[in-house]
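**Q** Structure in structure tokens, see below.
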Amino acid sequence: MLMSLFYIFIFPGILFLSIYGIILEFVDRKLFARFQNRVGPPWFQPLADFIKLMGKEGIIPTHSDKAMFKILPAFAIAAASVVILYLPIWSTNALYSFDGDLIVVLYLLTIPTVTFFLAGWSSSSLYATIGAVRTITQLFAYEVPLFMSLLGPAILADSWSFSGITEFYCNNPLMALANIPGFIVAIIAIQGKLERTPFDIPDAETEIVAGPFTEYSGRFLAFFRMSLDIEMIIGASIIAAVFLPFWSTNIWFGLLIYLVKTLLVVFILSLLRALMARIRIEQMVNFCWKFLAPLAILQILIDIIVKVLI
Amino acid sequence: MPKRVEIPLGPQHPALKEPESFTLYLEGERVAASNVTIGYNHRGMEKACEQRSYIQDLYLIERTCGICSHSHTTAFITATEEVAGLEIPKRAKYIRVLVGELERVHSHLLWVGVAAHEIGFDSLFMYSWRDREIVMDILAMLTGGRVQYSINTLGGVRRDVSESQKEQILKAVDILEERTKYYIEVATTETTMMGRLKNVGGLTYDIAMRFHASGPLARASGVTRDVRRDDPYLVYDELDFNVITNDGCDVFARVVVRALELMESYKLIRQAVKNMPDGDLTVKAPRKLPANEATVRYEAPRGEDIHYVRGNGTEKPERVKLRAPTMANLASISYMIDGGYLADVPIVIAAIDPCFSCTDRAISIKQIENGREDKMDWENLRKYSIDWYKKRGFDGHKIKLMH
């Protein structure tokens with residue numbers, strides 16, 4: 001019981017996620033700034049932003065659905081945080097694991113995006129509504145390639161749980177080489193899920209102000225931003241667990257490897273963010289269905305062939 | 001028919017650097033119709049010019065625009081000198097051309113950054129603005145100001161260009177040329193950027209002619225129109241340069257035209273530095289100018305800038321009229337954004353390189369209660385302001401001035 005509470009609230013639960021989320025946001029912002037030949041923020045900037053937002057007045061629009069407006073940020077942060085319990089962190093085993101948690105994790109990972117949609121929709125502002133519609137359109141574009149890119153490795157590992165997949169690839173590291181197309185698809189889809197350039201269409205600043213979050217302020221906005229940070233950890237952890245088979249039996253060394261792996265993923269995500277311009281929503285949907293989805297299907301085919309061969 | 005949603009883009013919006021209102025009627029992500037309203041930034045410049053002397057006007061006119069300040073003063077001062085019948089020294093003309101072309105470089109580099117930001121390409125935005133600092137530093141070295149150069153004066157220029165300054169200019173131009181080549185390469189090869197810019201905001205040759213587009217906007221639609229060549233002022237007839245045109249008719253063509261114009265500007269700067277003759281900087285100018293009038297066209301970075309000055313024998317002009325290039329280009333905006341995507345609206349607006357604050361010459365008042373629009377003339381505006389203050393308990397007539 002006590003151990004469960006420790007897992008949920010301290011490590012790897014809320015506290016660890018919040019702190020590591022803030023650290024990752026700093027790393028992302030600093031890297032992005034350095035790629036652009038800027039100095040970038042000091043190390044405490046994301047923390048200062050969070051504290052400042054928490055201290056600000058949260059304005060709720062008169063015409064909005066007030067209960068929804070207040071509850072949704074908590075929903076987003078909760079759904080994103082729960083996922084960490086099913087992901088392997090310091091060893092190949094997650095804290096809780098059962099055959100099929102792959103599906104549960106992906107399902108839970110969809111919830112924050114749906115809350116962004118609902119947040120935009122219930123704040124009854126024009127920009128927020130357009131942003132909400134774009135969020136959900138984008139969800140239909142990247143979600144299927146993301147699922148399929150994880151399906152291939154799962155087929156090869158013959159397991160539907162993250163712990164099983166990680167264990168298989170750690171025992172057979174060369175097998176991970178078969179998953180390179182899936183790795184590319186997953187990275188791009190995660191970039192879309194986190195709504196970052198070139199897929200920051202739902203909150204395109206120069207078009208629709210801040211998208212679904214236009215009406216949000218104060219601690220509600222702080223929670224939404226925190227949920228995005230946590231989503232970044234989760235996305236990086238999923239990619240680390242499935243596609244990067246390095247591990248250690250020592251807890252501390254394993255944790256270090258985990259941190260290095262997630263930082264590597266964040267580095268790639270920042271690089272993508274700095275390299276490209278924002279595309280249009282219809283270009284995004286086209287790209288995801290014409291290139292990402294076939295690539296993900298190719299991944300599944302490769303995995304089936306490799307499985308038959310061995 | 002899908003339901004139309006009306007969304008306001010402006011007067012306050014992150015995509016716009018200055019207040020201007022675009023009302024978009026959306027069908028899904030498509031813009032079905034649009035409405036452009038100007039008049040949020042009326043400053044009464046023309047009227048103010050009539051109440052000041054020519055020299056004071058020069059500094060006021062310089063504040064018309066925060067970017068092409070030299071264009072406005074040069075156009076105004078050329079018109080004024082025509083009214084006065086002055087012929088300024090050749091060296092002064094060369095210095096005006098030099099500063100004018102440096103300003104064009106700074107304006108176009110600024111535009112590259114703004115356009116990149118509008119399509120979410122912040123890396124290019126940061127890079128181009130970093131390199132813009134080079135030309136800003138050169139301008140600060142030459143004139144003492146980064147934005148407001150104040151180099152023109154009635155009858156010539158206020159500062160000379162020394163040999164060491166010439167060397168620094170040439171050195172800076174070499175660096176900038178290198179960087180511009182890199183930007184051209186990025187803009188023409190980067191996939192996401194091409195995807196965002198090609199076939200967006202189409203403006204064909206005929207439509208561009210009909211809407212009187214000017215500057216890079218017109219030249220990107222294949223219209224060979226450049227005041228520097230059509231109606232040479234200063235010493236442009238002695239310098240060798242090409243008028244860049246492109247038949248792409250879309251935003252991408254406008255990027256290409258501006259990028260290649262940068263290269264032409266570097267050529268012009270080198271020539272201006274090399275060919276600059278020795279001589280005086282100013283001729284003596286009278287304080288009171290004769291009753292005479294003059295209209296001057298000037299190729300500003302954004303297009304054709306027109307200034308009209310009429311003197312009446314006193315030291316103040318009787319009438320000053322200025323038409324900023326954005327005024328000519330605004331008419332095309334509605335045509336270009338209709339039928340396109342909402343996502344393309346900011347970049348299409350940015351592609352005319354708008355300068356809304358320079359444009360406004362009138363104010364239109366909309367009654368919130370009944371939606372009626374009124375145009376106000378000087379008398380009405382004055383009465384309105386007096387009434388407005390009276391309603392709030394302040395009566396200007398009761399104030400006793402100390403004499």
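We label chains A, B, ... in the order they appear in the structure tokens, count residues from 1 in each chain, and number ligands from 1 in the order shown.
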Would you list the contacts of stretch 133-146 of chain A as a CSV table (one decimal) with N, CA and C atoms, in the first residue's frame, taking every protein, DNA or RNA residue within 10 Å and counting only C-alpha atoms, but skipping same-chain residues closer than 5 positions in sequence?

**A**
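Saved result, out29.csv, follows:
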chain,number,residue,atom,x,y,z
A,106,LEU,N,-1.7,3.4,-25.2
A,106,LEU,CA,-2.1,4.2,-26.4
A,106,LEU,C,-3.4,4.9,-26.2
A,109,LEU,N,-3.0,7.7,-23.8
A,109,LEU,CA,-2.3,8.7,-24.4
A,109,LEU,C,-3.2,9.6,-25.3
A,110,THR,N,-4.3,9.0,-25.8
A,110,THR,CA,-5.2,9.8,-26.6
A,110,THR,C,-6.0,10.7,-25.8
A,113,THR,N,-5.2,14.5,-25.7
A,113,THR,CA,-5.5,15.2,-27.0
A,113,THR,C,-7.0,15.5,-27.0
A,114,VAL,N,-7.8,14.5,-26.6
A,114,VAL,CA,-9.3,14.7,-26.6
A,114,VAL,C,-9.6,15.8,-25.6
A,115,THR,N,-8.9,15.9,-24.5
A,115,THR,CA,-9.2,17.0,-23.5
A,115,THR,C,-8.8,18.3,-24.2
A,116,PHE,N,-7.8,18.4,-25.0
A,116,PHE,CA,-7.5,19.6,-25.7
A,116,PHE,C,-8.6,20.0,-26.6
A,117,PHE,N,-9.2,19.0,-27.3
A,117,PHE,CA,-10.3,19.3,-28.1
A,117,PHE,C,-11.5,19.8,-27.3
A,118,LEU,N,-11.8,19.1,-26.2
A,118,LEU,CA,-12.9,19.6,-25.4
A,118,LEU,C,-12.7,20.9,-24.8
A,120,GLY,N,-10.9,23.4,-26.0
A,120,GLY,CA,-11.1,24.4,-27.1
A,120,GLY,C,-12.6,24.6,-27.4
A,121,TRP,N,-13.3,23.4,-27.4
A,121,TRP,CA,-14.7,23.5,-27.7
A,121,TRP,C,-15.5,24.1,-26.6
A,128,ALA,N,-10.4,29.3,-30.4
A,128,ALA,CA,-10.3,28.0,-29.7
A,128,ALA,C,-11.1,26.9,-30.4
A,151,LEU,N,2.8,-1.6,-33.4
A,151,LEU,CA,2.3,-2.9,-33.6
A,151,LEU,C,3.3,-3.9,-34.2
A,182,GLY,N,9.8,1.9,-38.3
A,182,GLY,CA,8.8,2.2,-37.2
A,182,GLY,C,9.3,3.3,-36.3
A,183,PHE,N,10.6,3.3,-36.1
A,183,PHE,CA,11.2,4.3,-35.2
A,183,PHE,C,11.0,5.7,-35.8
A,185,VAL,N,8.6,6.5,-38.0
A,185,VAL,CA,7.2,6.8,-38.0
A,185,VAL,C,6.8,7.3,-36.6
A,186,ALA,N,7.3,6.6,-35.6
A,186,ALA,CA,6.9,6.9,-34.2
A,186,ALA,C,7.4,8.3,-33.8
A,187,ILE,N,8.7,8.6,-34.2
A,187,ILE,CA,9.2,10.0,-33.9
A,187,ILE,C,8.3,11.1,-34.5
A,188,ILE,N,8.0,10.9,-35.8
A,188,ILE,CA,7.2,11.9,-36.4
A,188,ILE,C,5.8,12.0,-35.8
A,189,ALA,N,5.2,10.8,-35.5
A,189,ALA,CA,3.9,10.8,-34.9
A,189,ALA,C,3.8,11.4,-33.5
A,190,ILE,N,4.9,11.2,-32.8
A,190,ILE,CA,5.0,11.8,-31.4
A,190,ILE,C,5.1,13.3,-31.6
A,191,GLN,N,5.9,13.7,-32.6
A,191,GLN,CA,6.0,15.2,-32.8
A,191,GLN,C,4.6,15.8,-33.1
A,192,GLY,N,3.8,15.0,-33.9
A,192,GLY,CA,2.4,15.4,-34.2
A,192,GLY,C,1.6,15.4,-32.9
A,193,LYS,N,1.7,14.4,-32.1
A,193,LYS,CA,0.9,14.3,-30.8
A,193,LYS,C,1.2,15.4,-29.9
A,195,GLU,N,2.1,18.3,-30.8
A,195,GLU,CA,1.7,19.6,-31.4
A,195,GLU,C,2.9,20.5,-31.5
A,199,PHE,N,4.1,20.3,-36.9
A,199,PHE,CA,2.7,19.9,-36.8
A,199,PHE,C,2.1,20.7,-35.7
A,200,ASP,N,2.5,22.0,-35.5
A,200,ASP,CA,1.9,22.8,-34.4
A,200,ASP,C,0.6,23.5,-35.0
A,201,ILE,N,-0.1,22.8,-35.9
A,201,ILE,CA,-1.2,23.4,-36.6
A,201,ILE,C,-2.3,23.8,-35.6
A,202,PRO,N,-2.6,22.9,-34.6
A,202,PRO,CA,-3.7,23.3,-33.7
A,202,PRO,C,-3.5,24.6,-32.9
A,203,ASP,N,-2.2,24.9,-32.6
A,203,ASP,CA,-2.0,26.1,-31.9
A,203,ASP,C,-1.1,27.1,-32.7
A,211,GLY,N,-4.8,28.5,-30.3
A,211,GLY,CA,-5.6,27.4,-30.6
A,211,GLY,C,-6.6,27.1,-29.4
A,212,PRO,N,-6.6,25.8,-29.0
A,212,PRO,CA,-7.6,25.4,-27.9
A,212,PRO,C,-7.3,26.2,-26.6
A,281,ILE,N,-3.0,22.0,-42.4
A,281,ILE,CA,-3.7,20.8,-41.9
A,281,ILE,C,-3.9,19.8,-42.9
A,282,GLU,N,-4.3,20.2,-44.2
A,282,GLU,CA,-4.5,19.2,-45.2
A,282,GLU,C,-3.3,18.6,-45.7
A,284,MET,N,-0.8,18.0,-43.7
A,284,MET,CA,-0.5,17.1,-42.6
A,284,MET,C,-1.2,15.8,-42.8
A,285,VAL,N,-2.5,15.9,-43.0
A,285,VAL,CA,-3.3,14.6,-43.2
A,285,VAL,C,-2.8,13.8,-44.4
A,286,ASN,N,-2.5,14.6,-45.5
A,286,ASN,CA,-2.0,13.9,-46.7
A,286,ASN,C,-0.7,13.2,-46.4
A,287,PHE,N,0.2,13.9,-45.7
A,287,PHE,CA,1.5,13.3,-45.4
A,287,PHE,C,1.4,12.1,-44.5
A,288,CYS,N,0.5,12.2,-43.5
A,288,CYS,CA,0.4,11.1,-42.6
A,288,CYS,C,-0.2,9.8,-43.3
A,289,TRP,N,-1.2,10.0,-44.1
A,289,TRP,CA,-1.8,8.9,-44.7
A,289,TRP,C,-1.1,8.4,-46.0
A,291,PHE,N,2.4,8.8,-46.6
A,291,PHE,CA,3.8,8.4,-46.3
A,291,PHE,C,3.9,7.6,-45.0
A,292,LEU,N,3.4,8.2,-43.9
A,292,LEU,CA,3.6,7.5,-42.6
A,292,LEU,C,2.9,6.2,-42.5
A,293,ALA,N,1.6,6.2,-42.9
A,293,ALA,CA,0.8,4.9,-42.8
A,293,ALA,C,1.5,3.8,-43.7
A,294,PRO,N,1.8,4.1,-45.0
A,294,PRO,CA,2.5,3.0,-45.7
A,294,PRO,C,3.8,2.5,-45.1
A,295,LEU,N,4.5,3.5,-44.5
A,295,LEU,CA,5.8,3.2,-43.9
A,295,LEU,C,5.5,2.3,-42.7
A,296,ALA,N,4.5,2.6,-42.0
A,296,ALA,CA,4.2,1.8,-40.8
A,296,ALA,C,3.7,0.4,-41.2
A,297,ILE,N,3.0,0.3,-42.3
A,297,ILE,CA,2.6,-1.0,-42.8
A,297,ILE,C,3.8,-1.8,-43.3
B,28,GLY,N,-15.4,25.9,-43.1
B,28,GLY,CA,-14.4,25.0,-42.7
B,28,GLY,C,-13.1,25.7,-42.6
B,29,GLU,N,-12.1,25.2,-43.3
B,29,GLU,CA,-10.7,25.8,-43.2
B,29,GLU,C,-10.6,26.8,-44.4

**Q** Once you count only C-alpha atoms, which residues of chain A turn out to be within 12 Å of chain B? Could you give them as a PyMOL selection string?

**A** chain A and resi 31-39+125-131+133-134+137+196-210+214+270-284+287

**Q** Which residues in stretch 39-193 of chain B does DSSP call strand (DSSP E)? List them as a list in words.

**A**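 Residues of stretch 39-193 of chain B classed as strand (DSSP E): Asn152, Thr153, Gly156 and Val157 of chain B.
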
**Q** How about saving the chosen residues, C-alpha atoms kept, as a short mmCIF file (atom, residue, chain, number, x, y, z; two decimals), in the first residue's frame?

**A**
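What ended up in out21.cif:
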data_model
loop_
_atom_site.label_atom_id
_atom_site.label_comp_id
_atom_site.auth_asym_id
_atom_site.auth_seq_id
_atom_site.Cartn_x
_atom_site.Cartn_y
_atom_site.Cartn_z
CA ASN B 152 18.53 64.15 -45.61
CA THR B 153 18.30 67.86 -45.24
CA GLY B 156 21.67 67.83 -49.56
CA VAL B 157 22.71 65.41 -46.85
#

**Q** With only C-alpha atoms as the atoms that count, which of B:Val97, B:Leu234, B:Ala253, B:Ala213 lies nearest to B:Met327?

**A** B:Ala213

**Q** In stretch 84-157 of chain A, what's helix (DSSP H, G or I) per DSSP? Answer as JSON, numbers by chain?

**A** {"A": [84, 85, 86, 101, 102, 103, 104, 105, 106, 107, 108, 109, 110, 111, 112, 113, 114, 115, 116, 117, 118, 119, 120, 121, 122, 126, 127, 128, 129, 130, 131, 132, 133, 134, 135, 136, 137, 138, 139, 140, 141, 142, 143, 144, 145, 146, 147, 148, 149, 150, 151, 152, 153, 154, 155, 156, 157]}

**Q** Quick one, how far is atom CA of B:His212 from atom CA of B:Asp57?

**A**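 Value for the atom CA of B:His212-atom CA of B:Asp57 distance: 28.4 Å.
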
**Q** Give me the residues within 12 Å of B:Lys47 as a list of chain:residue names, counting only C-alpha atoms and dropping any in the same chain fewer than 2 places off.

**A**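 Everything that qualifies: B:His42, B:Arg43, B:Gly44, B:Met45, B:Cys49, B:Glu50, B:Gln51, B:Arg52, B:Asp57, B:Leu60, B:Ile61, B:Lys316, B:Pro317, B:Glu318, B:Arg319, B:Val320, B:Lys321, B:Leu322, B:Arg361, B:Ala362, B:Asp377, B:Trp378.
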
**Q** For a test of reading the model, state the distance in Å between atom CA of B:Pro301 and atom CA of B:Leu86, rounded to one decimal.

**A**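 Separating atom CA of B:Pro301 from atom CA of B:Leu86 is a distance of 26.1 Å.
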
**Q** Atom CA of B:Arg287 to atom CA of B:Glu315: how many Å, to one decimal?

**A**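 Rounded to one decimal, the two atoms are 5.7 Å apart.
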